[in-house]
Amino acid sequence: MRGLFLGLTMCLGLIADAAAQIPATAPPYEIVKEAIDLEVAPSGQYWEERELTVRVLTSQGVEAMRQFSYSYTPGFQNMTVSRAFTTKKDGTRLDLPANRILYGAGQGSNNGYMADRTINGALPNVEIGDEVTIDTVFEQTVPWFPGVFAINFAMPRTIAVRDFRLALTAPAAGLNLALDIDGLEAGVTETGSGKVRKTWRFHSDAPVKGEADDTSEIDEVPHVNISTLSDYADAARLHAGLYADRAKPSPAIQALANQLTLGITDRRAQAKVLYDWVATHIKYVAIVLGAGGFTPNEAGDVLHNGFGDCKDHVMLLQALLAAKSIPSSAVLIRAGVNQFNLPKSVSPFLFDHLISYIPEFKLYLDSTAQYAPFGVLPFMDSGKEVLLVAAGRLDRTPTANNSKLQADTAITVHKDGSADGDTTVRAFGAGAVDLRAGFAALPADSEDDFFARALGAGSTGTIRKAAEDDLSDPYTVSLHYHIANFVALPGPGSIPSQIGYKPFSFTALVGATLPPKRSVTYACPSASAEEHVSLTLPPEVKIAALPPNRHIATVEADLSRTYSRLKSGAIHQDVVLHLNHPQATCTPAYYAKVHDDLVKMAGMLRAQIVFQ
């Protein structure tokens with residue numbers, strides 16, 4: 001599906017409820033009118049005319065609506081923008097001339113990837129209060145899967161929709177369409193000339209404010225899901241047909257598998273070394289172009305090229321594993337948004353990513369997550385309902401309950417208020433994935449800039465980190481730094497809870513905003529975080545008060561903070577947080593139960609050391 005509001009691409013380049021991507025602020029725009037007229041043929045070919053008018057409400061809306069971009073795949077699709085214009089608040093209409101709507105080639109088609117065509121345009125003089133109209137005509141000339149049609153429309157929660165209309169024309173016989181409609185008003189069904197025409201309308205004047213980390217489950221919002229498929233096994237068979245013979249072990253792949261596993265007899269250890277090689281040697285390139293969004297390259301070509309998208313990673317890893325007689329399966333997943341459950345209505349186009357599964361070890365793997373250790377999924381893949389292609393059944397990836405971050409710090413404060421510090425960070429599980437990626441992206445010779453941003457102007461330091469291709473747990477980083485203005489001396493004064501450097505925030509983990517209530521399910525990953533700090537002050541500085549030791553436990557969350565005075569005169573601070581959610585999402589009812597305790601935790605984290 002294309003669409004200004006329902007478009008998101010990741011690896012497979014498919015649909016998403018983009019309303020979930022809107023930040024929890026005032027709506028940037030509202031839909032004045034969206035009229036979609038679909039006609040479907042028994043072959044799966046379809047035509048769509050769409051009229052879209054949007055009213056801009058904020059400066060963010062201006063940025064979003066002043067230009068548009070679409071893509072389509074010649075040979076499979078045709079598309080045109082029939083008209084585009086701005087309607088000013090006084091009624092003046094400013095048309096975008098046809099010669100200013102640019103039809104251009106997409107990315108190149110090297111290495112077997114199909115190039116798309118793009119349509120781009122910049123609308124004239126868009127300001128707050130204006131309306132933007134973009135009308136398009138689209139045709140799926142060759143179905144991605146013969147005889148298959150599936151499309152999803154999810155109404156946004158956070159955007160007012162003044163008038164949404166959908167018309168579907170289909171053959172009266174010869175095309176079995178399963179309709180999943182919820183929250184829309186059905187119109188009159190018309191029959192004639194061997195066709196059936198159905199219509200639906202939707203209207204919402206009361207958008208809800210977006211909530212941090214809220215989910216975008218299609219079945220939980222008003223929606224229209226249309227499909228010719230009866231179950232997810234059908235969707236698995238379609239994708240299996242595209243992957244057939246793509247993961248054969250070529251002689252080069254067999255030789256590489258033998259070389260990498262030389263001397264290793266344990267099958268799990270063999271799988272690990274093969275996964276590690278793909279993750280660290282095959283560059284991930286998110287090329288989501290046309291048929292390339294569905295069909296992988298052959299594993300031998302991926303090995304030769306040295307790069308590929310998610311499907312190519314899966315094919316090469318599957319071939320390497322097969323070379324050692326370890327069966328694996330491709331897994332379709334929706335990773336790009338906070339959608340954890342697949343809708344009841346089946347579509348082969350719901351997924352945006354492909355990962356691997358080894359049944360023998362009951363392990364999910366994502367080699368495109370370059371810094372994910374063997375058997376560890378990044379947060380975006382965790383707790384998601386997925387489709388196992390080989391088995392043709394649904395499953396769920398494990399929640400990221402193995403994530404742990406630990407920071408051990410020693411800080412020495414000098415008479416001038418500056419300080420020197422040493423921190424060792426150890427990261428385990430999913431938490432290590434992001435930390436590896438963050439430090440790998442740190443440019444060479446930029447350490448002083450890093451510390452200035454993290455610890456304040458004038459701060460400098462050095463970083464020692466584990467090798468980027470070492471995917472073993474824990475990932476360890478050691479940092480030595482000088483903080484130019486740690487505390488104002490002489491006192492009296494106070495030392496804030498953020499003592500030295502750590503690559504996480506207890507407050508953010510507990511809850512960055514903690515709204516009074518929640519109305520929808522939200523993502524709540526599990527994690528453990530610990531900080532152990534030794535703070536040495538100049539001898540003439542006297543500690544007037546230490547925060548009291550506290551421990552707050554609530555449902556699925558536990559926070560403790562303790563202080564002690566060492567014989568050396570140093571102050572020792574320990575903060576330990578455990579978030580133990582059995583699932584990757586939490587309900588509004590759960591949030592209501594723990595909200596007050598989370599607020600107390602956030603307050604507890606603001607305690608300070610007072611000195612004279």
# chains A, B, ... in the order shown; residues from 1 in each chain; ligands from 1
call {"tool": "residues_around", "arguments": {"residues": "Phe374 (chain A)", "least_positions_apart": "2", "cutoff": "9 Å", "atoms": "only C-alpha atoms", "output": "PyMOL selection string"}}
result
chain A and resi 271-273+275-276+363-367+372+376-377+471-472
call {"tool": "select_by_dssp", "arguments": {"residues": "region 429-496 of chain A", "states": "helix (DSSP H, G or I)", "output": "list of chain:residue names"}}
result
A:Ala430, A:Gly431, A:Ala432, A:Val433, A:Asp434, A:Leu435, A:Arg436, A:Ala437, A:Gly438, A:Phe439, A:Ala440, A:Glu447, A:Asp448, A:Asp449, A:Phe450, A:Phe451, A:Ala452, A:Arg453, A:Ala454, A:Leu455
call {"tool": "atom_distance", "arguments": {"atom1": "CA of Thr585 (chain A)", "atom2": "CA of Asp434 (chain A)"}}
result
19.9 Å
call {"tool": "closest_residue", "arguments": {"among": "A:Arg268, A:Lys362, A:Tyr284, A:Asp130", "to": "Ile326 (chain A)", "atoms": "only C-alpha atoms"}}
result
A:Arg268
call {"tool": "closest_residue", "arguments": {"among": "A:Leu168, A:Pro124, A:Val533, A:Ser494", "to": "Val196 (chain A)", "atoms": "only C-alpha atoms"}}
result
A:Leu168
call {"tool": "atom_distance", "arguments": {"atom1": "CA of Asp558 (chain A)", "atom2": "CA of Val576 (chain A)"}}
result
8.1 Å
call {"tool": "atom_distance", "arguments": {"atom1": "CA of Val56 (chain A)", "atom2": "CA of Val224 (chain A)"}}
result
25.7 Å
call {"tool": "select_by_dssp", "arguments": {"residues": "region 191-346 of chain A", "states": "strand (DSSP E or B)", "output": "PyMOL selection string"}}
result
chain A and resi 191-192+195-204+214+223-227+283-284+307-308+329-333
call {"tool": "write_last_selection", "arguments": {"atoms": "N, CA and C atoms", "output": "mmCIF file, in the first residue's frame"}}
result
data_model
loop_
_atom_site.group_PDB
_atom_site.id
_atom_site.type_symbol
_atom_site.label_atom_id
_atom_site.label_comp_id
_atom_site.auth_asym_id
_atom_site.auth_seq_id
_atom_site.Cartn_x
_atom_site.Cartn_y
_atom_site.Cartn_z
ATOM 1 N N THR A 191 -24.842 -4.223 -6.954
ATOM 2 C CA THR A 191 -24.460 -5.344 -7.809
ATOM 3 C C THR A 191 -24.923 -5.068 -9.239
ATOM 4 N N GLY A 192 -24.049 -5.339 -10.183
ATOM 5 C CA GLY A 192 -24.401 -5.139 -11.582
ATOM 6 C C GLY A 192 -23.238 -5.431 -12.481
ATOM 7 N N LYS A 195 -20.401 -7.496 -11.192
ATOM 8 C CA LYS A 195 -19.513 -6.950 -10.173
ATOM 9 C C LYS A 195 -20.306 -6.555 -8.929
ATOM 10 N N VAL A 196 -19.590 -6.493 -7.819
ATOM 11 C CA VAL A 196 -20.162 -6.030 -6.555
ATOM 12 C C VAL A 196 -19.362 -4.824 -6.089
ATOM 13 N N ARG A 197 -20.080 -3.791 -5.647
ATOM 14 C CA ARG A 197 -19.414 -2.589 -5.155
ATOM 15 C C ARG A 197 -19.870 -2.341 -3.718
ATOM 16 N N LYS A 198 -18.908 -2.305 -2.801
ATOM 17 C CA LYS A 198 -19.181 -2.056 -1.392
ATOM 18 C C LYS A 198 -18.500 -0.745 -0.985
ATOM 19 N N THR A 199 -19.121 -0.029 -0.060
ATOM 20 C CA THR A 199 -18.545 1.240 0.399
ATOM 21 C C THR A 199 -18.561 1.301 1.919
ATOM 22 N N TRP A 200 -17.615 2.065 2.465
ATOM 23 C CA TRP A 200 -17.526 2.293 3.900
ATOM 24 C C TRP A 200 -17.129 3.753 4.141
ATOM 25 N N ARG A 201 -17.524 4.276 5.311
ATOM 26 C CA ARG A 201 -17.165 5.639 5.691
ATOM 27 C C ARG A 201 -16.655 5.645 7.121
ATOM 28 N N PHE A 202 -15.806 6.630 7.392
ATOM 29 C CA PHE A 202 -15.279 6.800 8.744
ATOM 30 C C PHE A 202 -15.155 8.287 9.030
ATOM 31 N N HIS A 203 -15.439 8.647 10.285
ATOM 32 C CA HIS A 203 -15.385 10.043 10.688
ATOM 33 C C HIS A 203 -14.928 10.102 12.141
ATOM 34 N N SER A 204 -13.937 10.928 12.423
ATOM 35 C CA SER A 204 -13.462 11.079 13.800
ATOM 36 C C SER A 204 -13.024 12.520 14.013
ATOM 37 N N ASP A 214 3.292 3.882 22.756
ATOM 38 C CA ASP A 214 2.048 3.157 22.546
ATOM 39 C C ASP A 214 2.165 2.224 21.350
ATOM 40 N N HIS A 223 -10.638 -0.264 11.318
ATOM 41 C CA HIS A 223 -9.823 -0.738 10.198
ATOM 42 C C HIS A 223 -10.676 -1.436 9.160
ATOM 43 N N VAL A 224 -10.101 -1.516 7.975
ATOM 44 C CA VAL A 224 -10.626 -2.339 6.888
ATOM 45 C C VAL A 224 -9.485 -3.223 6.416
ATOM 46 N N ASN A 225 -9.639 -4.530 6.585
ATOM 47 C CA ASN A 225 -8.660 -5.496 6.100
ATOM 48 C C ASN A 225 -9.342 -6.369 5.054
ATOM 49 N N ILE A 226 -8.753 -6.461 3.877
ATOM 50 C CA ILE A 226 -9.332 -7.222 2.772
ATOM 51 C C ILE A 226 -8.270 -8.204 2.280
ATOM 52 N N SER A 227 -8.638 -9.470 2.109
ATOM 53 C CA SER A 227 -7.641 -10.454 1.713
ATOM 54 C C SER A 227 -8.296 -11.622 0.990
ATOM 55 N N LYS A 283 27.746 -6.869 4.907
ATOM 56 C CA LYS A 283 27.219 -5.533 5.192
ATOM 57 C C LYS A 283 25.719 -5.524 4.942
ATOM 58 N N TYR A 284 25.002 -4.944 5.908
ATOM 59 C CA TYR A 284 23.549 -4.826 5.757
ATOM 60 C C TYR A 284 23.231 -3.561 4.972
ATOM 61 N N PHE A 307 27.377 -8.027 0.625
ATOM 62 C CA PHE A 307 26.344 -7.206 1.253
ATOM 63 C C PHE A 307 24.980 -7.740 0.836
ATOM 64 N N GLY A 308 23.967 -7.256 1.542
ATOM 65 C CA GLY A 308 22.603 -7.635 1.200
ATOM 66 C C GLY A 308 21.619 -7.094 2.209
ATOM 67 N N SER A 329 14.975 -21.774 9.332
ATOM 68 C CA SER A 329 13.815 -21.253 8.612
ATOM 69 C C SER A 329 13.858 -19.746 8.568
ATOM 70 N N ALA A 330 13.357 -19.195 7.473
ATOM 71 C CA ALA A 330 13.116 -17.757 7.409
ATOM 72 C C ALA A 330 11.897 -17.428 8.271
ATOM 73 N N VAL A 331 11.908 -16.244 8.872
ATOM 74 C CA VAL A 331 10.843 -15.818 9.774
ATOM 75 C C VAL A 331 10.397 -14.418 9.361
ATOM 76 N N LEU A 332 9.115 -14.269 9.057
ATOM 77 C CA LEU A 332 8.551 -12.964 8.711
ATOM 78 C C LEU A 332 8.112 -12.260 9.988
ATOM 79 N N ILE A 333 8.519 -10.993 10.123
ATOM 80 C CA ILE A 333 8.272 -10.243 11.356
ATOM 81 C C ILE A 333 7.944 -8.800 11.003
#
call {"tool": "residues_around", "arguments": {"residues": "Ala527 (chain A)", "least_positions_apart": "4", "cutoff": "9 Å", "atoms": "only C-alpha atoms", "output": "list in words"}}
result
Ala400, Asn401, Asn402, Ser403, Lys404, Leu405, Ala430, Gly431, Leu509, Leu577, His578, Leu579, Asn580 and His581 of chain A
call {"tool": "closest_residue", "arguments": {"among": "A:Gly569, A:Pro156, A:Pro503, A:Gly183", "to": "Thr215 (chain A)", "atoms": "only C-alpha atoms"}}
result
A:Pro156
call {"tool": "residues_around", "arguments": {"residues": "Thr423 (chain A)", "least_positions_apart": "4", "cutoff": "8 Å", "atoms": "only C-alpha atoms", "output": "PyMOL selection string"}}
result
chain A and resi 407-410+478-480+500-502
call {"tool": "write_last_selection", "arguments": {"atoms": "C-alpha atoms", "output": "JSON list (two decimals), in the first residue's frame"}}
result
[["chain", "number", "residue", "atom", "x", "y", "z"],
["A", 407, "ALA", "CA", 28.35, 0.79, 35.36],
["A", 408, "ASP", "CA", 31.16, 0.75, 37.97],
["A", 409, "THR", "CA", 32.57, 4.21, 38.60],
["A", 410, "ALA", "CA", 35.25, 5.84, 40.75],
["A", 478, "SER", "CA", 36.27, 1.44, 29.91],
["A", 479, "LEU", "CA", 36.29, 5.22, 30.08],
["A", 480, "HIS", "CA", 38.70, 7.62, 31.80],
["A", 500, "GLY", "CA", 30.09, 10.55, 36.35],
["A", 501, "TYR", "CA", 29.28, 8.75, 33.11],
["A", 502, "LYS", "CA", 26.82, 5.94, 32.43]]
call {"tool": "residues_around", "arguments": {"residues": "Ser564 (chain A)", "least_positions_apart": "2", "cutoff": "12 Å", "atoms": "only C-alpha atoms", "output": "list of chain:residue names"}}
result
A:His532, A:Val533, A:Ser534, A:Leu535, A:Ile543, A:Ala545, A:Leu546, A:Pro547, A:Pro548, A:Asn549, A:Arg561, A:Thr562, A:Leu566, A:Lys567, A:Ser568, A:Gly569, A:Ala570, A:Ile571, A:His572, A:Gln573, A:Asp574, A:Ile609
